[in-house]
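Participant: Sharing structure-v9.txt (compact mmCIF, C-alpha atoms) below.
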```txt
# COMPACT_ATOMS: atom_id res chain seq x y z
CA MET T 1 -7.35 0.77 12.17
CA THR T 2 -8.70 2.60 15.21
CA GLU T 3 -12.45 3.17 15.02
CA ARG T 4 -13.16 6.88 14.82
CA ASN T 5 -15.82 9.23 13.57
CA TRP T 6 -14.16 11.64 11.18
CA ASN T 7 -15.70 15.00 10.28
CA ALA T 8 -14.04 15.54 6.90
CA PHE T 9 -13.99 11.90 5.74
CA SER T 10 -15.84 8.64 5.78
CA VAL T 11 -13.77 5.45 5.76
CA GLU T 12 -14.82 1.93 4.80
CA ILE T 13 -12.40 -1.00 4.69
CA SER T 14 -13.16 -4.20 2.81
CA ASP T 15 -11.09 -6.68 0.80
CA HIS T 16 -7.90 -4.88 1.90
CA ILE T 17 -9.09 -1.62 0.27
CA ALA T 18 -9.81 1.50 2.32
CA THR T 19 -12.38 3.70 0.59
CA VAL T 20 -11.82 7.25 1.83
CA THR T 21 -14.57 9.70 0.87
CA LEU T 22 -14.30 13.46 1.28
CA LEU T 23 -17.22 14.98 3.16
CA GLY T 24 -18.39 18.53 3.13
CA PRO T 25 -19.42 20.38 5.90
CA SER T 26 -19.27 23.06 3.24
CA LYS T 27 -20.58 22.94 -0.31
CA GLY T 28 -18.51 20.86 -2.71
CA ASN T 29 -16.47 19.16 0.04
CA ALA T 30 -14.47 22.35 0.51
CA MET T 31 -11.35 21.87 2.62
CA GLY T 32 -11.86 23.51 5.99
CA PRO T 33 -10.09 23.14 9.35
CA ASP T 34 -11.28 19.56 9.88
CA PHE T 35 -9.78 18.42 6.59
CA TRP T 36 -6.34 19.87 7.30
CA THR T 37 -6.29 18.45 10.84
CA GLU T 38 -7.70 15.01 10.09
CA CYS T 39 -6.03 14.10 6.79
CA PRO T 40 -2.55 13.52 8.30
CA GLN T 41 -4.06 11.53 11.16
CA LEU T 42 -6.20 9.38 8.88
CA PHE T 43 -3.48 8.50 6.39
CA ALA T 44 -1.01 7.80 9.19
CA GLN T 45 -3.46 5.20 10.49
CA LEU T 46 -3.99 3.71 7.02
CA ASP T 47 -0.22 3.54 6.55
CA VAL T 48 0.24 1.19 9.51
CA ASP T 49 -2.98 -0.80 9.22
CA PRO T 50 -2.04 -4.34 8.13
CA ASP T 51 -5.57 -4.90 6.77
CA VAL T 52 -5.18 -2.05 4.26
CA ARG T 53 -3.18 -2.63 1.09
CA ALA T 54 -4.59 0.11 -1.14
CA VAL T 55 -6.64 3.28 -0.73
CA LEU T 56 -9.46 4.53 -2.96
CA LEU T 57 -9.94 8.30 -2.54
CA THR T 58 -13.11 9.97 -3.79
CA GLY T 59 -15.59 12.72 -2.97
CA SER T 60 -19.19 12.70 -1.77
CA GLY T 61 -22.03 14.37 -3.62
CA LYS T 62 -21.66 15.93 -7.06
CA HIS T 63 -18.02 17.01 -6.81
CA PHE T 64 -14.63 15.80 -5.65
CA THR T 65 -13.77 19.09 -3.93
CA TYR T 66 -13.96 22.84 -4.47
CA GLY T 67 -10.58 23.16 -2.74
CA LEU T 68 -9.74 25.50 0.14
CA ASP T 69 -12.77 26.65 2.13
CA LEU T 70 -12.08 30.39 2.05
CA ALA T 71 -15.04 31.17 4.31
CA ALA T 72 -13.86 28.76 7.01
CA MET T 73 -10.14 29.49 6.67
CA GLY T 74 -10.28 33.23 5.95
CA GLY T 75 -9.66 34.12 9.58
CA GLU T 76 -6.20 32.55 9.32
CA PHE T 77 -5.23 35.31 6.88
CA ALA T 78 -6.39 38.19 9.11
CA PRO T 79 -3.25 38.60 11.28
CA LEU T 80 -1.06 38.51 8.19
CA MET T 81 -3.15 41.21 6.52
CA ALA T 82 -3.16 43.52 9.54
CA ASP T 83 -1.33 46.83 9.45
CA LYS T 84 2.38 46.46 10.31
CA ALA T 85 2.24 42.66 10.28
CA LEU T 86 5.93 41.90 10.74
CA ALA T 87 7.89 38.84 11.89
CA GLY T 88 5.43 37.56 14.51
CA PRO T 89 2.31 37.02 12.38
CA ARG T 90 4.41 35.99 9.39
CA THR T 91 6.08 33.28 11.46
CA VAL T 92 2.70 32.04 12.69
CA PHE T 93 1.40 31.97 9.12
CA HIS T 94 4.52 30.12 7.92
CA ASP T 95 3.98 27.50 10.63
CA MET T 96 0.33 27.16 9.58
CA ILE T 97 1.31 26.52 5.95
CA LYS T 98 3.76 23.84 7.08
CA ARG T 99 1.04 22.18 9.17
CA MET T 100 -1.41 22.25 6.29
CA GLN T 101 1.19 20.74 3.96
CA LEU T 102 1.22 17.70 6.23
CA ALA T 103 -2.20 16.79 4.81
CA THR T 104 -1.08 16.26 1.22
CA ASN T 105 2.30 14.93 2.36
CA ALA T 106 0.48 12.23 4.35
CA VAL T 107 -1.26 11.04 1.18
CA ALA T 108 2.00 11.02 -0.78
CA ASP T 109 3.95 9.31 2.02
CA CYS T 110 1.36 6.63 2.76
CA ARG T 111 2.97 3.30 1.87
CA LYS T 112 -0.40 2.01 0.72
CA PRO T 113 -0.89 3.18 -2.89
CA VAL T 114 -3.66 5.76 -3.30
CA VAL T 115 -6.01 5.68 -6.30
CA ALA T 116 -7.91 8.97 -6.70
CA ALA T 117 -11.33 8.87 -8.39
CA VAL T 118 -12.36 12.38 -9.43
CA HIS T 119 -15.83 13.51 -10.51
CA GLY T 120 -17.26 16.98 -10.89
CA TRP T 121 -15.02 19.84 -9.82
CA CYS T 122 -11.48 19.35 -8.55
CA ILE T 123 -10.20 22.83 -7.78
CA GLY T 124 -7.09 24.28 -6.14
CA GLY T 125 -6.44 22.19 -3.05
CA GLY T 126 -8.09 19.30 -4.85
CA LEU T 127 -5.25 19.34 -7.39
CA ASP T 128 -2.77 19.43 -4.53
CA LEU T 129 -4.48 16.37 -3.07
CA ILE T 130 -4.68 14.25 -6.21
CA SER T 131 -1.12 15.17 -7.20
CA ALA T 132 -0.12 13.31 -4.01
CA ALA T 133 -2.01 10.18 -5.13
CA ASP T 134 -0.31 7.40 -7.06
CA ILE T 135 -2.95 6.92 -9.75
CA ARG T 136 -5.72 9.28 -10.89
CA TYR T 137 -8.95 8.47 -12.74
CA ALA T 138 -11.83 10.76 -13.71
CA SER T 139 -15.43 10.61 -14.81
CA ALA T 140 -16.36 12.37 -18.04
CA ASP T 141 -17.91 15.29 -16.14
CA ALA T 142 -14.74 16.06 -14.14
CA LYS T 143 -13.17 19.51 -14.35
CA PHE T 144 -9.81 20.56 -12.98
CA SER T 145 -8.29 23.93 -12.13
CA VAL T 146 -5.11 25.14 -10.43
CA ARG T 147 -7.22 28.08 -9.30
CA GLU T 148 -4.96 29.74 -6.71
CA VAL T 149 -3.70 32.46 -9.05
CA LYS T 150 -7.30 33.69 -9.37
CA VAL T 151 -7.36 34.39 -5.63
CA ALA T 152 -3.89 35.97 -5.52
CA ILE T 153 -2.18 32.97 -3.91
CA VAL T 154 0.88 31.00 -4.98
CA ALA T 155 -0.30 27.37 -4.70
CA ASP T 156 1.52 26.03 -1.65
CA MET T 157 0.05 22.62 -0.82
CA GLY T 158 1.97 20.55 -3.37
CA SER T 159 0.65 20.92 -6.91
CA LEU T 160 3.58 23.10 -8.02
CA ALA T 161 5.98 20.58 -6.48
CA ARG T 162 4.41 17.32 -7.68
CA LEU T 163 2.62 18.05 -10.95
CA PRO T 164 5.80 18.62 -13.04
CA ALA T 165 6.53 14.89 -12.72
CA ILE T 166 2.95 14.07 -13.70
CA ILE T 167 1.97 16.44 -16.52
CA GLY T 168 5.27 18.11 -17.42
CA ASP T 169 6.50 21.65 -16.90
CA GLY T 170 4.75 23.29 -19.85
CA HIS T 171 1.27 22.04 -19.06
CA LEU T 172 1.69 22.93 -15.39
CA ARG T 173 2.81 26.46 -16.22
CA GLU T 174 -0.21 26.93 -18.45
CA LEU T 175 -2.61 25.77 -15.74
CA ALA T 176 -0.91 27.55 -12.84
CA LEU T 177 -0.36 30.88 -14.59
CA THR T 178 -3.83 31.13 -16.14
CA GLY T 179 -5.96 29.41 -13.49
CA LYS T 180 -8.01 28.03 -16.39
CA ASP T 181 -10.40 25.11 -16.16
CA ILE T 182 -9.80 21.91 -18.12
CA ASP T 183 -12.15 19.02 -18.73
CA ALA T 184 -11.54 15.32 -18.27
CA ALA T 185 -10.56 14.80 -21.90
CA ARG T 186 -7.79 17.42 -21.67
CA ALA T 187 -6.73 16.03 -18.28
CA GLU T 188 -6.29 12.59 -19.84
CA LYS T 189 -4.44 14.04 -22.84
CA ILE T 190 -1.81 15.72 -20.68
CA GLY T 191 -1.46 12.76 -18.32
CA LEU T 192 -3.14 14.25 -15.28
CA VAL T 193 -5.50 11.26 -15.19
CA ASN T 194 -4.81 7.72 -16.40
CA ASP T 195 -8.28 7.05 -17.77
CA VAL T 196 -11.74 8.62 -18.10
CA PHE T 197 -14.99 6.76 -17.36
CA ASP T 198 -18.48 7.58 -18.60
CA ASP T 199 -19.99 8.41 -15.23
CA TYR T 200 -19.43 8.32 -11.48
CA ASP T 201 -20.58 4.73 -11.03
CA ALA T 202 -18.27 3.46 -13.78
CA LEU T 203 -15.46 5.56 -12.31
CA LEU T 204 -15.77 3.91 -8.90
CA VAL T 205 -15.89 0.44 -10.45
CA GLY T 206 -12.77 1.12 -12.53
CA ALA T 207 -10.83 2.77 -9.70
CA ARG T 208 -11.73 -0.01 -7.27
CA ALA T 209 -10.65 -2.64 -9.80
CA THR T 210 -7.20 -1.06 -9.95
CA ALA T 211 -7.05 -0.81 -6.15
CA ALA T 212 -8.00 -4.51 -5.99
CA GLU T 213 -5.21 -5.44 -8.40
CA ILE T 214 -2.74 -3.60 -6.21
CA ALA T 215 -4.16 -5.16 -3.04
CA GLY T 216 -3.73 -8.62 -4.55
CA ASN T 217 0.03 -8.19 -4.93
CA PRO T 218 2.67 -8.86 -2.21
CA PRO T 219 2.18 -5.92 0.17
CA LEU T 220 5.83 -5.45 1.16
CA VAL T 221 6.88 -5.47 -2.49
CA VAL T 222 4.21 -2.88 -3.25
CA HIS T 223 5.62 -0.73 -0.42
CA GLY T 224 9.08 -1.15 -1.90
CA ILE T 225 8.01 -0.15 -5.41
CA LYS T 226 6.35 3.00 -4.13
CA THR T 227 9.31 3.90 -1.93
CA VAL T 228 11.80 3.45 -4.77
CA LEU T 229 9.66 5.43 -7.23
CA ASP T 230 9.28 8.27 -4.71
CA HIS T 231 12.94 8.36 -3.70
CA SER T 232 14.31 10.17 -6.75
CA ARG T 233 11.88 13.09 -6.45
CA SER T 234 11.23 13.33 -2.70
CA ALA T 235 14.09 15.74 -2.02
CA ALA T 236 12.95 18.10 -4.79
CA VAL T 237 9.34 18.01 -3.55
CA ASP T 238 10.39 18.70 0.04
CA ASP T 239 12.59 21.59 -1.08
CA SER T 240 9.79 23.10 -3.16
CA LEU T 241 7.31 22.88 -0.29
CA ARG T 242 9.72 24.56 2.13
CA TYR T 243 10.44 27.30 -0.39
CA VAL T 244 6.82 28.12 -1.18
CA ALA T 245 5.94 28.19 2.53
CA ALA T 246 8.63 30.81 3.10
CA TRP T 247 7.60 32.69 -0.05
CA ASN T 248 3.96 32.97 0.96
CA ALA T 249 4.80 33.92 4.53
CA ALA T 250 6.84 36.78 3.09
CA PHE T 251 4.75 37.87 0.09
CA LEU T 252 1.18 36.58 0.33
CA ALA T 253 -0.19 39.67 2.10
CA SER T 254 -1.27 42.13 -0.59
CA ASN T 255 -4.05 44.42 -1.73
CA ASP T 256 -4.70 41.89 -4.47
CA LEU T 257 -5.36 39.15 -1.91
CA THR T 258 -7.87 41.40 -0.15
CA GLU T 259 -9.49 42.17 -3.48
CA ALA T 260 -9.58 38.47 -4.45
CA ILE T 261 -11.27 37.39 -1.22
CA THR T 262 -13.69 40.32 -1.32
CA SER T 263 -14.65 39.59 -4.93
CA VAL T 264 -15.33 35.94 -4.10
CA PHE T 265 -17.78 36.88 -1.36
CA GLU T 266 -19.34 39.65 -3.48
CA LYS T 267 -19.55 37.26 -6.49
CA ARG T 268 -17.94 39.66 -8.94
CA PRO T 269 -14.78 39.70 -11.08
CA ALA T 270 -11.66 40.79 -9.23
CA ASP T 271 -9.81 43.95 -10.27
CA PHE T 272 -6.15 43.36 -9.44
CA SER T 273 -3.73 46.27 -9.02
CA GLY T 274 -0.42 44.46 -8.53
CA SER T 275 0.02 45.90 -5.06
```
What does the file become when written as structure tokens?
Facilitator:
Amino acid sequence: MTERNWNAFSVEISDHIATVTLLGPSKGNAMGPDFWTECPQLFAQLDVDPDVRAVLLTGSGKHFTYGLDLAAMGGEFAPLMADKALAGPRTVFHDMIKRMQLATNAVADCRKPVVAAVHGWCIGGGLDLISAADIRYASADAKFSVREVKVAIVADMGSLARLPAIIGDGHLRELALTGKDIDAARAEKIGLVNDVFDDYDALLVGARATAAEIAGNPPLVVHGIKTVLDHSRSAAVDDSLRYVAAWNAAFLASNDLTEAITSVFEKRPADFSGS
């Protein structure tokens, strides 16, 4: 793998396992411009690195990730929200969504299996990210939320496309339509995570043990297993991602989105009008 200093990640490779750790610059490892630019590049490198046979994905600090960094990315919404924003800004926004989707797609498409180790909060874009992983574990303090509905956004980075195969349609609809938080015990019950560990240290030990088991198997066979498992659902995932990108380019701009973003910065409940 090419040596590089990443802004949104740290990467350590040992024993054929790449440990990829999310880094802030913002609180809670929120996903800002660096994350969306670097994630496809990083996982493309891991995909072709012969020394890497499995990837362990975790977060730095007290949380996995707070999801989309609204403060850092809010400017991307401005042209879409402008008066008389017609085809031009909507096309630019559609292209931006497609570029951002490359981040979670890169995790899903990486031939090296990805084991996600989640502690603390995993919100919004964090669910998109771990839904692209092959295996998910959590510490007992982990909390999960498909939070986009609370900020007047249809989740468009992959959770609506990938989670039905992981937790089932009913559980996904409950999470996506309410935006509610669930704890690690509920996440394990519905199949979002494979196992729950007592604390962060135990989580990393358990997740790395699974990554090591994978790394000890014939690498080309592991690639084949992942490719075959992904084949039956890849077309449906791709179709869903294309559809939601077009949907949000057409319908994301609203008074409710303005109210949602304003309420976040003013730290008050939002008052949605449906307009």
Participant: Determine, counting all atoms listed in the file, which protein, DNA and RNA residues have an atom within 12 Å of an atom of T:Val196; residues of the same chain fewer than 4 positions away are not included. Present the result as an MDAnalysis selection string.
Facilitator: chainID T and resid 117:119 136:143 183:189 191:192 200:207
Participant: Which residues, written as a compact mmCIF listing (two decimals) with C-alpha atoms, in the coordinates of the input, have at least one atom at most 8 Å from T:Phe43, with all atoms listed in the file counted and residues fewer than 5 positions away on the same chain left out?
Facilitator:
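The resulting file, result23.txt, is shown below:
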```txt
# COMPACT_ATOMS: atom_id res chain seq x y z
CA ALA T 106 0.48 12.23 4.35
CA VAL T 107 -1.26 11.04 1.18
CA CYS T 110 1.36 6.63 2.76
```
Participant: What is the distance between atom CA of T:Thr262 and atom CA of T:Lys27, in Å to one decimal?
Facilitator: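 Spanning atom CA of T:Thr262 to atom CA of T:Lys27 is a straight-line distance of 18.7 Å.
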Participant: Just the number, please: distance in Å from atom CA of T:Glu3 to atom CA of T:Gln41, one decimal.
Facilitator: 12.5 Å
Participant: Tell me which of T:Ala116, T:Cys122, T:Ala54, T:Leu220 sits closest to T:Asn194, counting all atoms listed in the file.
Facilitator: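 Of all the options, T:Ala116 lies closest to T:Asn194.
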Participant: Quick one: distance from atom CA of T:Ala270 to atom CA of T:Ile153 in Å, one decimal?
Facilitator: 13.4 Å
Participant: Just checking: using only C-alpha atoms, which residue out of T:Thr227, T:Asn105, T:Ser159, T:Ser254 ends up closest to T:Leu80?
Facilitator: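 Using only C-alpha atoms, T:Leu80 sits closest to T:Ser254.
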Participant: When distances are computed from all atoms listed in the file, which of T:Arg173, T:Phe93, T:Ile225, T:Leu163 shows the smallest separation from T:Met81?
Facilitator: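 Answer, going by the shortest atom-to-atom distance: T:Phe93.
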Participant: So which residues touch T:Asp128 within 9 Å, counting only C-alpha atoms, skipping near sequence neighbours fewer than 5 positions away, as a list in words?
Facilitator: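 The filter keeps Gly67, Thr104, Ile123, Val146, Ala155, Asp156, Met157, Gly158, Ser159, Leu160, Arg162 and Leu163 of chain T.
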Participant: Which residues, protein or nucleic acid, reach to within 12 Å of (7.4, 38.1, 2.4) in the file's coordinates when using only C-alpha atoms, and can you give that as a VMD selection string?
Facilitator: chain T and resid 80 to 81 85 to 87 89 to 91 93 to 94 243 to 254
Participant: Kindly save the residues from that selection, with C-alpha atoms included, as a PDB file, keeping the file's coordinate frame.
Facilitator:
```
ATOM      1  CA  LEU T  80      -1.060  38.510   8.190  1.00  0.00           C
ATOM      2  CA  MET T  81      -3.150  41.210   6.520  1.00  0.00           C
ATOM      3  CA  ALA T  85       2.240  42.660  10.280  1.00  0.00           C
ATOM      4  CA  LEU T  86       5.930  41.900  10.740  1.00  0.00           C
ATOM      5  CA  ALA T  87       7.890  38.840  11.890  1.00  0.00           C
ATOM      6  CA  PRO T  89       2.310  37.020  12.380  1.00  0.00           C
ATOM      7  CA  ARG T  90       4.410  35.990   9.390  1.00  0.00           C
ATOM      8  CA  THR T  91       6.080  33.280  11.460  1.00  0.00           C
ATOM      9  CA  PHE T  93       1.400  31.970   9.120  1.00  0.00           C
ATOM     10  CA  HIS T  94       4.520  30.120   7.920  1.00  0.00           C
ATOM     11  CA  TYR T 243      10.440  27.300  -0.390  1.00  0.00           C
ATOM     12  CA  VAL T 244       6.820  28.120  -1.180  1.00  0.00           C
ATOM     13  CA  ALA T 245       5.940  28.190   2.530  1.00  0.00           C
ATOM     14  CA  ALA T 246       8.630  30.810   3.100  1.00  0.00           C
ATOM     15  CA  TRP T 247       7.600  32.690  -0.050  1.00  0.00           C
ATOM     16  CA  ASN T 248       3.960  32.970   0.960  1.00  0.00           C
ATOM     17  CA  ALA T 249       4.800  33.920   4.530  1.00  0.00           C
ATOM     18  CA  ALA T 250       6.840  36.780   3.090  1.00  0.00           C
ATOM     19  CA  PHE T 251       4.750  37.870   0.090  1.00  0.00           C
ATOM     20  CA  LEU T 252       1.180  36.580   0.330  1.00  0.00           C
ATOM     21  CA  ALA T 253      -0.190  39.670   2.100  1.00  0.00           C
ATOM     22  CA  SER T 254      -1.270  42.130  -0.590  1.00  0.00           C
TER      23      SER T 254
END
```
Participant: Considering all atoms listed in the file, can you say which of T:Val92, T:Thr19, T:Glu12, T:Asp169 comes closest to T:Ala78?
Facilitator: T:Val92
Participant: Please provide the set of residues having any atom within 6 Å of T:Asp256, restricted to all atoms listed in the file, with same-chain residues fewer than 3 positions apart removed, written as a ChimeraX atom specification.
Facilitator: /T:259-260,272
Participant: Using all atoms listed in the file, can you tell me which of T:Asp198, T:Asp239, T:Glu213, T:Glu148 comes closest to T:Tyr66?
Facilitator: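 The shortest atom-to-atom distance to T:Tyr66 comes from T:Glu148.
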Participant: Could you pull the residues within 9 Å of T:Leu68, counting all atoms listed in the file, minus those fewer than 2 positions along the same chain, as a ChimeraX atom specification?
Facilitator: /T:30-32,65-66,70-73,123-126
Participant: For T:Gly216, which residue out of T:Val20, T:Ala165, T:Val52, T:Leu46 is the nearest one, using all atoms listed in the file?
Facilitator: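 Smallest distance to T:Gly216 is found for T:Val52.
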